[in-house]
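Here is query.cif, consisting of mmCIF, C-alpha atoms:
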data_query
#
loop_
_atom_site.label_atom_id
_atom_site.label_comp_id
_atom_site.auth_asym_id
_atom_site.auth_seq_id
_atom_site.Cartn_x
_atom_site.Cartn_y
_atom_site.Cartn_z
CA MET K 1246 15.78 29.56 -10.42
CA LYS K 1247 12.18 28.98 -9.38
CA VAL K 1248 9.80 26.42 -10.89
CA THR K 1249 6.04 26.42 -10.45
CA MET K 1250 4.71 22.86 -10.48
CA LEU K 1251 1.06 21.90 -10.95
CA GLY K 1252 -0.04 18.62 -9.40
CA THR K 1253 -1.60 17.34 -6.18
CA PHE K 1254 -0.41 17.40 -2.59
CA PRO K 1255 -1.98 15.90 0.55
CA PRO K 1256 -4.66 15.65 1.69
CA ILE K 1257 -5.73 15.38 -1.98
CA LYS K 1258 -4.83 11.94 -3.36
CA GLY K 1259 -4.50 12.28 -7.14
CA ILE K 1260 -0.78 11.76 -7.88
CA SER K 1261 0.36 13.07 -4.50
CA GLU K 1262 2.72 10.17 -3.85
CA TYR K 1263 4.70 11.05 -6.99
CA CYS K 1264 4.54 14.82 -6.38
CA ILE K 1265 5.70 14.52 -2.77
CA GLN K 1266 8.90 12.75 -3.78
CA LEU K 1267 9.64 14.79 -6.91
CA ALA K 1268 8.94 18.21 -5.37
CA GLY K 1269 11.04 17.38 -2.31
CA ALA K 1270 13.97 16.26 -4.48
CA LEU K 1271 13.71 19.30 -6.77
CA ALA K 1272 13.65 21.64 -3.76
CA ARG K 1273 17.17 20.53 -2.89
CA ARG K 1274 18.32 22.13 -6.17
CA VAL K 1275 15.88 24.97 -7.02
CA ASP K 1276 13.03 26.93 -5.43
CA VAL K 1277 9.71 25.11 -5.93
CA ASP K 1278 6.32 26.82 -5.91
CA PHE K 1279 3.90 23.88 -5.79
CA VAL K 1280 0.32 24.59 -6.89
CA SER K 1281 -2.29 22.07 -5.75
CA PHE K 1282 -6.04 21.82 -5.25
CA SER K 1283 -8.35 22.38 -2.31
CA HIS K 1284 -11.08 20.55 -4.29
CA ILE K 1285 -9.94 18.47 -7.24
CA TYR K 1286 -13.07 17.01 -8.90
CA PRO K 1287 -16.50 15.71 -7.90
CA GLU K 1288 -16.26 12.79 -5.51
CA ALA K 1289 -18.50 10.72 -7.80
CA LEU K 1290 -15.70 10.64 -10.39
CA TYR K 1291 -13.17 9.13 -7.99
CA PRO K 1292 -14.20 5.95 -6.13
CA GLY K 1293 -12.64 5.80 -2.69
CA GLY K 1294 -12.75 9.58 -2.33
CA THR K 1295 -10.35 12.31 -3.37
CA LYS K 1296 -8.79 12.90 0.05
CA GLU K 1297 -6.61 10.84 2.38
CA LEU K 1298 -8.86 9.99 5.33
CA ASN K 1299 -6.31 8.29 7.57
CA ASP K 1300 -3.00 10.03 8.28
CA PRO K 1301 -1.86 12.41 5.53
CA LEU K 1302 0.83 11.25 3.16
CA ALA K 1303 4.24 12.44 4.32
CA ILE K 1304 4.94 16.00 3.15
CA SER K 1305 8.46 17.18 2.46
CA THR K 1306 9.76 19.90 4.78
CA GLU K 1307 12.42 21.20 2.39
CA PRO K 1308 12.85 24.95 3.07
CA ARG K 1309 12.85 25.78 -0.66
CA LEU K 1310 9.46 24.12 -1.20
CA ALA K 1311 6.31 26.24 -0.85
CA VAL K 1312 2.92 24.54 -1.27
CA ARG K 1313 -0.21 26.48 -2.26
CA ARG K 1314 -3.76 25.16 -2.81
CA PRO K 1315 -5.55 27.86 -4.83
CA LEU K 1316 -7.28 25.55 -7.33
CA GLN K 1317 -10.83 24.18 -7.25
CA TRP K 1318 -12.38 22.13 -10.03
CA PHE K 1319 -15.46 24.35 -10.10
CA ASN K 1320 -13.70 27.77 -10.21
CA PRO K 1321 -12.32 28.70 -13.66
CA PHE K 1322 -11.43 32.20 -12.45
CA GLY K 1323 -9.00 30.60 -10.02
CA TRP K 1324 -7.39 28.59 -12.84
CA ALA K 1325 -6.91 31.66 -15.01
CA TRP K 1326 -5.68 33.87 -12.16
CA THR K 1327 -3.14 31.27 -11.04
CA GLY K 1328 -1.88 30.89 -14.61
CA LEU K 1329 -1.40 34.62 -14.96
CA ARG K 1330 0.26 35.11 -11.57
CA PHE K 1331 2.47 32.09 -10.84
CA PRO K 1332 6.02 33.18 -9.85
CA GLY K 1333 8.09 30.43 -11.47
CA ASP K 1334 10.53 30.88 -14.33
CA VAL K 1335 9.14 27.58 -15.67
CA LEU K 1336 5.70 25.99 -15.39
CA HIS K 1337 5.86 22.20 -14.87
CA VAL K 1338 2.49 20.51 -15.38
CA ASN K 1339 1.69 16.91 -14.42
CA TRP K 1340 -0.78 15.29 -16.84
CA TRP K 1341 -2.55 12.18 -15.57
CA THR K 1342 -6.28 12.60 -16.28
CA TRP K 1343 -8.23 14.42 -18.97
CA PHE K 1344 -10.84 15.40 -16.34
CA LEU K 1345 -8.46 18.21 -15.34
CA SER K 1346 -7.69 19.37 -18.88
CA PRO K 1347 -9.57 22.71 -18.51
CA VAL K 1348 -7.50 23.54 -15.41
CA GLU K 1349 -4.19 22.61 -17.01
CA ILE K 1350 -4.96 24.30 -20.34
CA SER K 1351 -5.86 27.51 -18.50
CA MET K 1352 -2.59 27.42 -16.55
CA MET K 1353 -0.52 26.71 -19.67
CA LEU K 1354 -2.29 29.45 -21.63
CA GLY K 1355 -1.33 31.90 -18.88
CA ALA K 1356 2.27 30.72 -19.12
CA LYS K 1357 2.29 31.21 -22.89
CA LEU K 1358 0.88 34.74 -22.59
CA ARG K 1359 3.71 35.53 -20.17
CA ARG K 1360 6.34 33.80 -22.34
CA ARG K 1361 7.18 31.26 -19.65
CA PRO K 1362 8.31 27.83 -20.89
CA VAL K 1363 6.11 24.84 -20.09
CA VAL K 1364 7.25 21.33 -19.22
CA MET K 1365 4.65 18.56 -19.06
CA THR K 1366 5.18 15.20 -17.39
CA VAL K 1367 2.83 12.75 -19.12
CA HIS K 1368 1.94 9.99 -16.66
CA ASN K 1369 -0.77 8.53 -18.91
CA VAL K 1370 -0.36 8.98 -22.66
CA LEU K 1371 -4.03 7.99 -22.97
CA GLY K 1372 -6.64 7.53 -20.29
CA HIS K 1373 -6.97 4.04 -18.85
CA GLU K 1374 -10.52 3.82 -20.22
CA THR K 1375 -10.03 6.13 -23.17
CA GLY K 1376 -12.68 7.61 -25.45
CA LEU K 1377 -13.19 10.30 -28.09
CA LEU K 1378 -13.48 13.20 -25.62
CA ASP K 1379 -10.31 12.05 -23.84
CA ARG K 1380 -8.37 12.05 -27.11
CA ILE K 1381 -9.68 15.46 -28.22
CA LEU K 1382 -8.88 17.23 -24.94
CA THR K 1383 -5.51 15.51 -24.67
CA ARG K 1384 -4.61 16.60 -28.20
CA VAL K 1385 -5.51 20.23 -27.34
CA ALA K 1386 -3.52 20.17 -24.09
CA PHE K 1387 -0.45 18.71 -25.81
CA LYS K 1388 -0.23 21.80 -28.07
CA PHE K 1389 1.10 23.94 -25.21
CA PRO K 1390 4.25 22.36 -23.68
CA ASN K 1391 7.73 23.22 -24.92
CA ARG K 1392 9.06 19.90 -23.68
CA PHE K 1393 7.55 16.63 -22.46
CA ILE K 1394 8.74 14.14 -19.86
CA VAL K 1395 7.69 10.48 -19.96
CA HIS K 1396 8.84 7.62 -17.76
CA THR K 1397 10.03 5.02 -20.29
CA GLU K 1398 11.17 4.67 -23.89
CA GLU K 1399 7.92 2.85 -24.64
CA ASN K 1400 5.98 5.87 -23.38
CA ARG K 1401 8.03 8.12 -25.68
CA ARG K 1402 7.22 5.90 -28.64
CA GLN K 1403 3.53 6.04 -27.75
CA LEU K 1404 3.53 9.82 -27.40
CA ASP K 1405 5.16 10.10 -30.81
CA ALA K 1406 2.83 7.54 -32.40
CA TYR K 1407 -0.46 8.80 -30.95
CA PHE K 1408 0.13 12.56 -30.96
CA LYS K 1409 3.00 13.13 -33.41
CA ILE K 1410 5.17 14.85 -30.82
CA PRO K 1411 8.75 15.00 -32.20
CA ARG K 1412 10.98 12.65 -30.24
CA GLU K 1413 13.57 15.39 -29.65
CA ARG K 1414 10.98 17.25 -27.55
CA ILE K 1415 10.42 14.23 -25.29
CA ALA K 1416 12.77 13.44 -22.40
CA VAL K 1417 12.68 10.02 -20.71
CA VAL K 1418 12.94 10.46 -16.94
CA PRO K 1419 11.98 7.45 -14.76
CA TYR K 1420 9.28 7.35 -12.12
CA GLY K 1421 11.16 6.94 -8.84
CA PRO K 1422 10.59 4.48 -5.97
CA LEU K 1423 7.92 5.57 -3.49
CA THR K 1424 10.08 5.34 -0.40
CA PHE K 1425 8.00 7.37 2.06
CA TYR K 1426 5.58 4.47 2.69
CA ASP K 1427 8.43 2.66 4.47
CA ASP K 1428 8.26 5.08 7.40
CA VAL K 1429 8.00 2.77 10.43
CA PRO K 1430 9.81 -0.60 10.65
CA VAL K 1431 7.48 -3.59 10.25
CA THR K 1432 8.86 -7.13 10.09
CA ARG K 1433 7.54 -9.77 7.72
CA ALA K 1434 6.18 -11.76 10.67
CA GLU K 1435 4.38 -8.70 12.09
CA ALA K 1436 2.91 -7.81 8.70
CA ARG K 1437 1.63 -11.34 8.13
CA ALA K 1438 0.14 -11.49 11.60
CA LYS K 1439 -1.82 -8.28 10.88
CA LEU K 1440 -3.23 -9.84 7.70
CA GLY K 1441 -3.87 -13.27 9.21
CA ILE K 1442 -1.35 -15.00 6.93
CA ALA K 1443 0.76 -17.93 8.13
CA GLU K 1444 4.53 -17.47 8.03
CA GLY K 1445 5.08 -20.49 5.79
CA GLU K 1446 2.65 -19.42 3.05
CA LYS K 1447 3.90 -18.22 -0.35
CA VAL K 1448 2.14 -14.91 -0.99
CA ALA K 1449 1.44 -13.09 -4.25
CA LEU K 1450 0.03 -9.56 -3.89
CA SER K 1451 -2.36 -7.63 -6.13
CA PHE K 1452 -2.45 -4.03 -4.89
CA GLY K 1453 -4.15 -0.78 -5.86
CA PHE K 1454 -7.33 0.31 -7.59
CA ILE K 1455 -9.18 -2.63 -9.15
CA ARG K 1456 -9.98 -1.65 -12.74
CA ASP K 1457 -10.73 -3.83 -15.75
CA TYR K 1458 -7.50 -3.02 -17.59
CA LYS K 1459 -5.42 -4.32 -14.67
CA GLY K 1460 -6.33 -7.93 -15.43
CA LEU K 1461 -7.40 -9.20 -12.02
CA ASP K 1462 -9.61 -11.78 -13.74
CA VAL K 1463 -6.56 -13.13 -15.57
CA LEU K 1464 -4.63 -13.22 -12.30
CA LEU K 1465 -7.41 -15.17 -10.55
CA ARG K 1466 -7.51 -17.77 -13.33
CA ALA K 1467 -3.73 -18.05 -13.27
CA PHE K 1468 -3.68 -18.35 -9.49
CA ARG K 1469 -6.10 -21.28 -9.62
CA ARG K 1470 -3.34 -23.19 -11.44
CA VAL K 1471 -0.72 -21.94 -9.01
CA ALA K 1472 -2.83 -23.08 -6.07
CA ASP K 1473 -3.18 -26.55 -7.61
CA GLU K 1474 0.60 -26.82 -7.88
CA LEU K 1475 1.58 -25.12 -4.61
CA PRO K 1476 -0.67 -26.03 -1.66
CA ASP K 1477 0.86 -23.27 0.48
CA ALA K 1478 0.32 -20.45 -2.07
CA ARG K 1479 -1.92 -17.50 -1.22
CA LEU K 1480 -3.13 -14.47 -3.18
CA VAL K 1481 -3.79 -11.17 -1.38
CA VAL K 1482 -6.01 -8.67 -3.23
CA ALA K 1483 -6.01 -5.20 -1.65
CA GLY K 1484 -7.57 -2.00 -2.97
CA THR K 1485 -10.74 -0.18 -3.92
CA CYS K 1486 -12.85 -1.42 -6.84
CA TRP K 1487 -13.16 1.45 -9.33
CA LYS K 1488 -16.78 0.57 -10.15
CA GLY K 1489 -17.81 -0.04 -6.57
CA GLU K 1490 -19.68 -3.04 -5.24
CA SER K 1491 -21.34 -3.76 -8.58
CA GLY K 1492 -17.96 -3.77 -10.29
CA TRP K 1493 -16.51 -6.17 -7.72
CA ARG K 1494 -19.33 -8.68 -8.16
CA LYS K 1495 -17.89 -10.30 -11.28
CA TYR K 1496 -14.56 -10.91 -9.52
CA GLN K 1497 -16.32 -12.45 -6.53
CA TYR K 1498 -18.27 -14.73 -8.89
CA LEU K 1499 -14.98 -15.80 -10.46
CA ILE K 1500 -13.40 -16.50 -7.05
CA ASP K 1501 -16.41 -18.64 -6.16
CA GLU K 1502 -16.45 -20.41 -9.53
CA LEU K 1503 -12.75 -21.25 -9.25
CA LYS K 1504 -13.20 -22.34 -5.60
CA LEU K 1505 -10.46 -19.98 -4.45
CA GLY K 1506 -12.20 -18.68 -1.35
CA GLU K 1507 -9.79 -20.29 1.12
CA ARG K 1508 -6.71 -19.36 -0.92
CA VAL K 1509 -7.43 -15.66 -1.47
CA THR K 1510 -7.27 -12.94 1.20
CA LEU K 1511 -9.48 -9.99 0.25
CA LYS K 1512 -9.00 -6.47 1.58
CA ILE K 1513 -11.41 -4.68 -0.75
CA GLY K 1514 -11.83 -0.99 0.01
CA TYR K 1515 -9.83 2.02 1.02
CA VAL K 1516 -6.24 1.24 2.05
CA PRO K 1517 -4.86 3.94 4.39
CA SER K 1518 -1.37 5.13 3.51
CA SER K 1519 -0.13 4.07 6.95
CA THR K 1520 -0.94 0.41 6.23
CA VAL K 1521 0.57 0.15 2.73
CA LYS K 1522 3.85 -1.17 4.15
CA VAL K 1523 2.04 -4.08 5.81
CA TYR K 1524 1.00 -5.54 2.45
CA PHE K 1525 4.41 -5.20 0.81
CA ARG K 1526 6.28 -6.56 3.83
CA ALA K 1527 3.94 -9.57 3.94
CA ALA K 1528 4.21 -10.41 0.22
CA ASP K 1529 6.74 -12.63 -1.54
CA LEU K 1530 6.03 -10.86 -4.84
CA LEU K 1531 3.78 -8.27 -6.48
CA ALA K 1532 1.72 -9.30 -9.53
CA LEU K 1533 1.03 -6.68 -12.24
CA PRO K 1534 -1.08 -8.60 -14.81
CA TYR K 1535 -2.22 -5.49 -16.72
CA LEU K 1536 -3.96 -6.10 -20.05
CA HIS K 1537 -2.96 -2.74 -21.53
CA PHE K 1538 -1.14 0.25 -20.10
CA GLU K 1539 0.57 3.39 -21.37
CA ALA K 1540 2.26 4.48 -18.17
CA GLN K 1541 4.27 3.48 -15.13
CA SER K 1542 2.82 1.73 -12.10
CA GLY K 1543 2.41 3.30 -8.67
CA PRO K 1544 2.23 -0.12 -6.94
CA GLY K 1545 5.25 -1.21 -8.98
CA ASN K 1546 7.28 1.72 -7.68
CA ILE K 1547 6.16 1.00 -4.12
CA ALA K 1548 7.46 -2.54 -4.66
CA LEU K 1549 10.87 -1.21 -5.74
CA ALA K 1550 11.08 0.83 -2.54
CA PHE K 1551 10.45 -2.30 -0.45
CA GLY K 1552 12.65 -4.57 -2.55
CA THR K 1553 9.61 -6.68 -3.46
CA PRO K 1554 9.99 -8.98 -6.51
CA ILE K 1555 7.62 -8.20 -9.41
CA VAL K 1556 5.93 -10.40 -12.01
CA ALA K 1557 4.48 -8.21 -14.76
CA THR K 1558 3.04 -8.22 -18.25
CA ARG K 1559 4.85 -6.77 -21.25
CA THR K 1560 2.85 -3.58 -21.66
CA GLY K 1561 3.60 0.13 -21.21
CA GLY K 1562 6.36 0.86 -18.72
CA LEU K 1563 5.94 -2.32 -16.65
CA PRO K 1564 8.94 -4.22 -18.11
CA SER K 1565 11.26 -1.46 -16.87
CA LEU K 1566 10.42 -2.56 -13.30
CA VAL K 1567 11.70 -6.12 -13.80
CA ARG K 1568 15.16 -7.43 -14.68
CA ASP K 1569 14.32 -11.14 -14.79
CA GLU K 1570 12.90 -11.66 -18.30
CA ARG K 1571 11.22 -14.89 -17.18
CA ALA K 1572 9.01 -12.79 -14.88
CA ILE K 1573 7.63 -10.71 -17.79
CA VAL K 1574 4.73 -12.37 -19.64
CA PRO K 1575 2.34 -11.48 -22.48
CA PRO K 1576 -0.83 -9.61 -21.43
CA GLY K 1577 -3.86 -11.84 -20.99
CA ASP K 1578 -1.88 -15.10 -21.12
CA VAL K 1579 -3.19 -17.17 -18.20
CA GLU K 1580 -0.77 -20.06 -18.79
CA ALA K 1581 2.32 -17.87 -18.95
CA LEU K 1582 1.30 -15.86 -15.88
CA ALA K 1583 0.58 -19.00 -13.86
CA ARG K 1584 3.94 -20.48 -14.84
CA ALA K 1585 5.85 -17.30 -13.94
CA LEU K 1586 4.11 -16.99 -10.56
CA ALA K 1587 4.60 -20.63 -9.64
CA GLU K 1588 8.24 -20.74 -10.69
CA CYS K 1589 9.02 -17.64 -8.64
CA LEU K 1590 7.07 -18.65 -5.54
CA LYS K 1591 8.65 -22.10 -5.28
CA ASP K 1592 12.23 -20.82 -5.72
CA PRO K 1593 13.45 -18.83 -2.68
CA ALA K 1594 16.86 -18.21 -4.26
CA ARG K 1595 15.25 -16.69 -7.33
CA LEU K 1596 12.98 -14.52 -5.20
CA ALA K 1597 16.05 -13.28 -3.33
CA ARG K 1598 17.73 -12.34 -6.64
CA MET K 1599 14.58 -10.59 -7.83
CA SER K 1600 14.41 -8.69 -4.54
CA GLU K 1601 17.97 -7.47 -5.12
CA ASP K 1602 16.93 -6.48 -8.64
CA SER K 1603 14.12 -4.36 -7.24
CA ARG K 1604 16.50 -2.64 -4.83
CA ALA K 1605 19.03 -2.04 -7.61
CA LEU K 1606 16.34 -0.49 -9.82
CA ALA K 1607 15.24 1.70 -6.90
CA GLY K 1608 18.81 3.05 -6.77
CA GLU K 1609 18.98 3.45 -10.53
CA TYR K 1610 15.71 5.41 -10.52
CA SER K 1611 16.62 7.49 -7.45
CA TRP K 1612 14.88 10.82 -6.94
CA ASP K 1613 18.23 12.58 -6.72
CA ARG K 1614 19.05 11.48 -10.27
CA ILE K 1615 15.54 12.32 -11.43
CA SER K 1616 15.72 15.83 -9.98
CA GLU K 1617 19.15 16.41 -11.52
CA ARG K 1618 17.88 15.55 -15.00
CA THR K 1619 14.68 17.55 -14.52
CA VAL K 1620 16.49 20.70 -13.38
CA ALA K 1621 18.88 20.39 -16.36
CA LEU K 1622 15.80 20.47 -18.61
CA TYR K 1623 14.50 23.60 -16.85
CA ARG K 1624 17.82 25.38 -17.26
CA GLU K 1625 17.99 24.46 -20.94
CA LEU K 1626 14.54 25.98 -21.56
CA VAL K 1627 15.21 29.15 -19.56
CA ALA K 1628 18.56 29.66 -21.30
#

Since I need it in another form, could you write the structure as structure tokens?
Amino acid sequence: MKVTMLGTFPPIKGISEYCIQLAGALARRVDVDFVSFSHIYPEALYPGGTKELNDPLAISTEPRLAVRRPLQWFNPFGWAWTGLRFPGDVLHVNWWTWFLSPVEISMMLGAKLRRRPVVMTVHNVLGHETGLLDRILTRVAFKFPNRFIVHTEENRRQLDAYFKIPRERIAVVPYGPLTFYDDVPVTRAEARAKLGIAEGEKVALSFGFIRDYKGLDVLLRAFRRVADELPDARLVVAGTCWKGESGWRKYQYLIDELKLGERVTLKIGYVPSSTVKVYFRAADLLALPYLHFEAQSGPGNIALAFGTPIVATRTGGLPSLVRDERAIVPPGDVEALARALAECLKDPARLARMSEDSRALAGEYSWDRISERTVALYRELVA
């Protein structure tokens, strides 16, 4: 069997970290024809740039995986031609942004004309900053797939509730741990030295794109209370601000207002893939204080790969990353978040248990299991 998968591969960023791991795991079971982009969308739409500027993300070398880059956001003829000519018995489309809906609809239309079944993995049921156009284009795109894959039961409920997709057409297949970032050994002491953090400090990490829905303002207010209780606590904020310098300004004002300057380490801007491991090795826990969310978390799945404890809000797929119920708090609740962070940071034994939980979940969500379930879905559709 051969599957054609539409997504992104390095040097394009997009969802390359997910596609690298899934395509590599699938290629140990079936032939994979991976279709990616040479140009994905205008740079102005993606703060931080669309391409990896440091070293490329690790690419699988599985012999049954072939990667092509025939797609460009500005070339509809390329979309249509690829949809009419792809060699797979199944088309597997990754849906993560409505900006690419014309490309994906063209590919799926080609599959339908050729009577090839379509599987769609829905990473975001709705856009993070959703609007009317987002909902319209998403509703059109969701008319094409034969089967859908989401990452959690909550995502399946949302897909059913928002778009009336019958639950029997939706398979729940987890998002796996992003293990390839852990490529070169780095000790905790080495990582902290690189970031200028003392060994004895208790470190909470906020990692990834800084966008309003991720609740960094709530985290800063909560951390002010943590800092008052724990004099050796530190917050590290690493990632690109989605709205650029003007978007970051309100967070800097809040840091100044709360007098957190000496207790917060800021690494605002592009984080090369080769340095991701430094942040997760240095941290005692990862904070995911999202206000609303309909998906899984890339930083959360990096944390699983490193065995990093997670404190998260009860929204979208985030609770599936945490086994300790005390570390899951209501969105937007400053008091509850501060309490959860402080109680974790001052209890080394609990952090050790939460670290084991993260490693156990990484095994439970292994890419081998994910590929097995995904290939079973392909075979069912082809049969």

Could you give me, as JSON, numbers by chain, the residues within 9 Å of stretch 1498-1505 of chain K, counting all atoms listed in the file and dropping anything in the same chain fewer than 3 positions from it?
{"K": [1462, 1465, 1466, 1468, 1469, 1472, 1493, 1494, 1495, 1508, 1509]}

Please compute the atom CA of K:Val1481-atom CA of K:Lys1522 distance, one decimal, in Å.
13.7 Å

Name the closest residue to K:Ala1548 among the candidates K:Ala1270, K:Ala1325, K:Val1523, K:Leu1536; distances are taken between atoms, counting all atoms listed in the file.
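The answer is K:Val1523, which sits nearest to K:Ala1548.
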
Using the chain letters and residue numbers of this document, give as a ChimeraX atom specification the residues selected by the PyMOL selection byres ((chain K and resi 1262-1267) around 9).
/K:1252-1255,1258-1261,1268-1272,1302-1305,1339,1420-1425,1543,1612-1613,1615-1616

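At a cut-off of 8 Å from (7.6, 8.8, -19.1), the residue set is Thr1366, Val1367, His1368, Ile1394, Val1395, His1396, Thr1397, Glu1398, Asn1400, Arg1401, Ala1416, Val1417, Val1418, Pro1419, Tyr1420, Ala1540 and Gln1541 of chain K (counting all atoms listed in the file).
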
Could you state the separation of atom CA of K:Asn1320 and atom CA of K:Met1353 in Å, given to one decimal place?
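Atom CA of K:Asn1320 sits 16.3 Å away from atom CA of K:Met1353.
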
For atom CA of K:Leu1533 and atom CA of K:Ser1519, the interatomic separation in Å (one decimal):
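So the answer is 22.0 Å.
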
Who sits within 9 Å of K:Glu1601, all atoms listed in the file, same chain under 4 positions skipped, as a list of chain:residue names:
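So, after excluding close chain neighbours, the residues are K:Gly1552, K:Thr1553, K:Pro1554, K:Leu1596, K:Ala1597, K:Ala1605, K:Leu1606.
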
List every protein, DNA or RNA residue with an atom no more than 12 Å from (3.0, 27.5, -27.3) in the file's coordinates, counting only C-alpha atoms, and format the result as an MDAnalysis selection string.
chainID K and resid 1350 1353:1364 1385:1392

Those residues with C-alpha atoms, as a CSV table (one decimal), in the coordinates of the input please?
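Wrote again-v6.csv, looks like this:
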chain,number,residue,atom,x,y,z
K,1350,ILE,CA,-5.0,24.3,-20.3
K,1353,MET,CA,-0.5,26.7,-19.7
K,1354,LEU,CA,-2.3,29.4,-21.6
K,1355,GLY,CA,-1.3,31.9,-18.9
K,1356,ALA,CA,2.3,30.7,-19.1
K,1357,LYS,CA,2.3,31.2,-22.9
K,1358,LEU,CA,0.9,34.7,-22.6
K,1359,ARG,CA,3.7,35.5,-20.2
K,1360,ARG,CA,6.3,33.8,-22.3
K,1361,ARG,CA,7.2,31.3,-19.6
K,1362,PRO,CA,8.3,27.8,-20.9
K,1363,VAL,CA,6.1,24.8,-20.1
K,1364,VAL,CA,7.2,21.3,-19.2
K,1385,VAL,CA,-5.5,20.2,-27.3
K,1386,ALA,CA,-3.5,20.2,-24.1
K,1387,PHE,CA,-0.4,18.7,-25.8
K,1388,LYS,CA,-0.2,21.8,-28.1
K,1389,PHE,CA,1.1,23.9,-25.2
K,1390,PRO,CA,4.2,22.4,-23.7
K,1391,ASN,CA,7.7,23.2,-24.9
K,1392,ARG,CA,9.1,19.9,-23.7
